[in-house]
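Report on the structure given below.
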Amino acid sequence: MSFATMTDDERWEAMRRRDKAHDGRFIVGVLTTGIYCRPSCGARQPLRANVRFFADGAGARAAGLRPCKRCLPDDVGRDEAAVLAAIAAIKGSEEPLALADLAQRTGYSPTHFQRVFTRHTGLSPAAYARTLREERARAALSDAERVTDAIYDAGFSGPSRFYGHMEGRMGMTASAWVNGGKGATIHWAVVPTSLGDMLVAATDKGVCRLSFAEGREALENRFPAAMLVEGGAEFEALLKEVVDAVETPAQGFDHIPIDVKGTAFQEAVWRELRKIPAGETRSYADIAAAVGKPNAVRAAGSANGANNVAVLIPCHRVVRSDGSLGGYAYGLDIKDELLRRESAPAQRRLGEF
């Protein structure tokens, strides 16, 4: 969402929230003080009647305003350039880059640069680098005929470095990623709910698939070489929690573990989806801005659609900018009902759908 596509009311609400995702998208001019600020400025907020919005600092200066010394609004462009330069350096380096090194390249102090980078991408520089290497590893493991080849293709200096870095991160062994889940055990069940039959599948790390109107065949397509085990005593407790999350989603379900994998961008989108409070919605543009990619609205929509764990990663909470429901993999009736349940009092017993 650019300056041209936002209304003044939307800008005012973003300013009232001190929404950092809107920094760089517009400038807030305060006529009574003669200064202009970022939307996220921490200074005392002015009255609505004293505010005027501008596309950039140049427009505000042309109106006779001067930049705020607290939030330094003219540095937004510099911040973005610094983050892009750091990302290029991270992608081009075979070894992890220290925060001090990245900061020196951009002319920032390490502490300030870490804040700037995290604000723009949703990840610290170290977390971004780790996620990038994990993404490369998964891609290499999916394409390579041998695990060793994949390890070197992903940029690791050897197998010991790879296994040390990826331990506990991939949910399956490296060989399993190459061989369609070979060696992995996935417990699963199809259970009736008030929204229809629901497939739930989980590794020992958490739920890896939650969908409606699917069965064993869908799991076999995703994990053709995995060991699929229907039910199981330990799985039953997790299954009950998942069913409760669907029937009474307003009660919350952040405690339920999930085991999902995607690209760095997809996983960033999924993290933002899990931050949306029950009973609230966001637009695709809001999600794109929240992950530091305000122009990637379509990509955010694709990442939303690539979610393999319905409800627990609440992609149903994303709607179009005009407030309409948009699409949903399992039908708009289910999406509408999930949103209705989340907006209802948590203690209300839900009827049949």
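Scheme for the structure tokens: letters A, B, ... for chains in order shown; per-chain residue numbers from 1; ligand numbers from 1 in order shown.
Excluding range 262-278 of chain A itself and same-chain residues fewer than 3 positions from it, the residues having an atom within 7 Å of it are Thr131, Leu132, Glu135, Ala250, Thr281, Ile287, Val291, Ala300, Ala303, Ile313, Pro314, Cys315, Glu342 and Ser343 of chain A, counting only C-alpha atoms.
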The selected residues should be written to file as a compact mmCIF listing (two decimals), in the first residue's frame (atoms: N, CA and C atoms).
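Here's the written file out26.txt:
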```
# COMPACT_ATOMS: atom_id res chain seq x y z
N THR A 131 18.19 -18.36 8.50
CA THR A 131 17.03 -18.76 7.70
C THR A 131 17.40 -18.92 6.24
N LEU A 132 18.25 -18.03 5.74
CA LEU A 132 18.68 -18.11 4.35
C LEU A 132 19.45 -19.41 4.10
N GLU A 135 17.08 -22.30 4.08
CA GLU A 135 16.33 -22.33 2.83
C GLU A 135 17.18 -22.93 1.71
N ALA A 250 -11.35 -18.88 19.76
CA ALA A 250 -11.16 -17.65 20.54
C ALA A 250 -10.37 -17.90 21.83
N THR A 281 -8.43 -8.95 12.02
CA THR A 281 -7.96 -9.33 10.69
C THR A 281 -6.91 -8.34 10.21
N ILE A 287 0.26 -7.48 5.89
CA ILE A 287 1.21 -8.57 6.13
C ILE A 287 2.51 -8.32 5.39
N VAL A 291 6.37 -7.76 7.23
CA VAL A 291 7.59 -8.56 7.03
C VAL A 291 8.67 -7.75 6.32
N ALA A 300 2.96 -12.05 -0.62
CA ALA A 300 2.41 -12.32 0.71
C ALA A 300 1.14 -13.17 0.58
N ALA A 303 2.27 -16.73 -0.13
CA ALA A 303 2.77 -17.36 1.09
C ALA A 303 1.62 -17.73 2.00
N ILE A 313 -1.88 -21.80 11.98
CA ILE A 313 -1.32 -20.62 11.32
C ILE A 313 -2.52 -19.95 10.68
N PRO A 314 -3.07 -18.92 11.31
CA PRO A 314 -4.42 -18.44 10.97
C PRO A 314 -4.49 -17.58 9.70
N CYS A 315 -4.28 -18.23 8.55
CA CYS A 315 -4.38 -17.50 7.29
C CYS A 315 -5.80 -17.01 7.03
N GLU A 342 -14.09 -16.56 16.40
CA GLU A 342 -13.02 -15.85 17.10
C GLU A 342 -13.49 -14.50 17.64
N SER A 343 -14.48 -13.92 16.99
CA SER A 343 -14.97 -12.63 17.46
C SER A 343 -16.04 -12.78 18.53
```
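Neighbouring residues of range 330-334 of chain A at 10 Å or closer, counting only C-alpha atoms and skipping chain neighbours under 3 positions away, are A:Ser194, A:Leu195, A:Gly196, A:Ser211, A:Phe212, A:Ala213, A:Ala310, A:His316, A:Leu325, A:Gly326, A:Gly327, A:Glu337, A:Leu338, A:Leu339, A:Arg340, A:Phe353.
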Exercise for review: Please identify all polymer residues within 10 Å of range 235-249 of chain A, counting only C-alpha atoms, omitting same-chain residues fewer than 2 positions from it, and present them as a PyMOL selection string.
Suggested key: chain A and resi 186-195+198-204+206-207+210+229-233+251-257+278-279+310-312+314+338-353
Review point. If you run DSSP on the backbone, which residues of range 217-320 of chain A are strand (DSSP E), as a PyMOL selection string?
Key: chain A and resi 227-230+282-283+318-319
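The closest residue to Val309 in chain A, picked from A:Ala58, A:Leu102, A:Met227, A:Cys208 and counting only C-alpha atoms, is A:Cys208.
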Review point. What's the 12 Å shell around Gly107 in chain A, counting only C-alpha atoms, without same-chain residues fewer than 2 positions away, as a list in words?
Key: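 So the residues in contact are Arg78, Asp79, Ala81, Ala82, Val83, Ala85, Ala86, Ala100, Asp101, Leu102, Ala103, Gln104, Arg105, Ser109, Pro110, Thr111, His112 and Phe113 of chain A.
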Selection from above, C-alpha atoms, as a short mmCIF file (atom, residue, chain, number, x, y, z; two decimals), in the first residue's frame, can you write it?
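Saved the output as result_6.cif:
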```cif
data_model
loop_
_atom_site.label_atom_id
_atom_site.label_comp_id
_atom_site.auth_asym_id
_atom_site.auth_seq_id
_atom_site.Cartn_x
_atom_site.Cartn_y
_atom_site.Cartn_z
CA ARG A 78 19.14 5.56 4.25
CA ASP A 79 17.93 2.79 6.55
CA ALA A 81 19.55 1.21 1.58
CA ALA A 82 21.62 -0.04 4.53
CA VAL A 83 19.38 -3.08 4.99
CA ALA A 85 23.29 -3.63 1.31
CA ALA A 86 23.50 -5.92 4.34
CA ALA A 100 29.89 -5.43 13.75
CA ASP A 101 31.06 -6.15 10.21
CA LEU A 102 27.61 -5.50 8.74
CA ALA A 103 27.22 -2.32 10.76
CA GLN A 104 30.62 -1.04 9.62
CA ARG A 105 29.67 -1.61 5.98
CA SER A 109 26.62 1.38 15.18
CA PRO A 110 25.98 -2.36 15.73
CA THR A 111 23.13 -1.75 18.18
CA HIS A 112 21.36 0.77 15.95
CA PHE A 113 21.85 -1.33 12.83
#
```
**Study point:** Selected residue, from A:Pro39, A:Gly215, A:Gly59, A:Pro96, that lies nearest to Ala129 in chain A when counting only C-alpha atoms
**Key:** A:Pro96
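DSSP on the backbone gives alpha helix (DSSP H) for these parts of range 232-271 of chain A: Ala233, Glu234, Phe235, Glu236, Ala237, Leu238, Leu239, Lys240, Glu241, Val242, Val243, Asp244, Ala245, Val246, Glu247, Ala264, Phe265, Gln266, Glu267, Ala268, Val269, Trp270 and Arg271 of chain A.
Using only C-alpha atoms for every distance, the candidate list A:Thr5, A:Asn50, A:Ser283, A:Thr121 yields A:Ser283 as the residue closest to Gly301 in chain A.
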Review point. Expressed in Å to a single decimal, how great is the separation between CA of Ala184 in chain A and CA of Glu214 in chain A?
Key: 20.5 Å
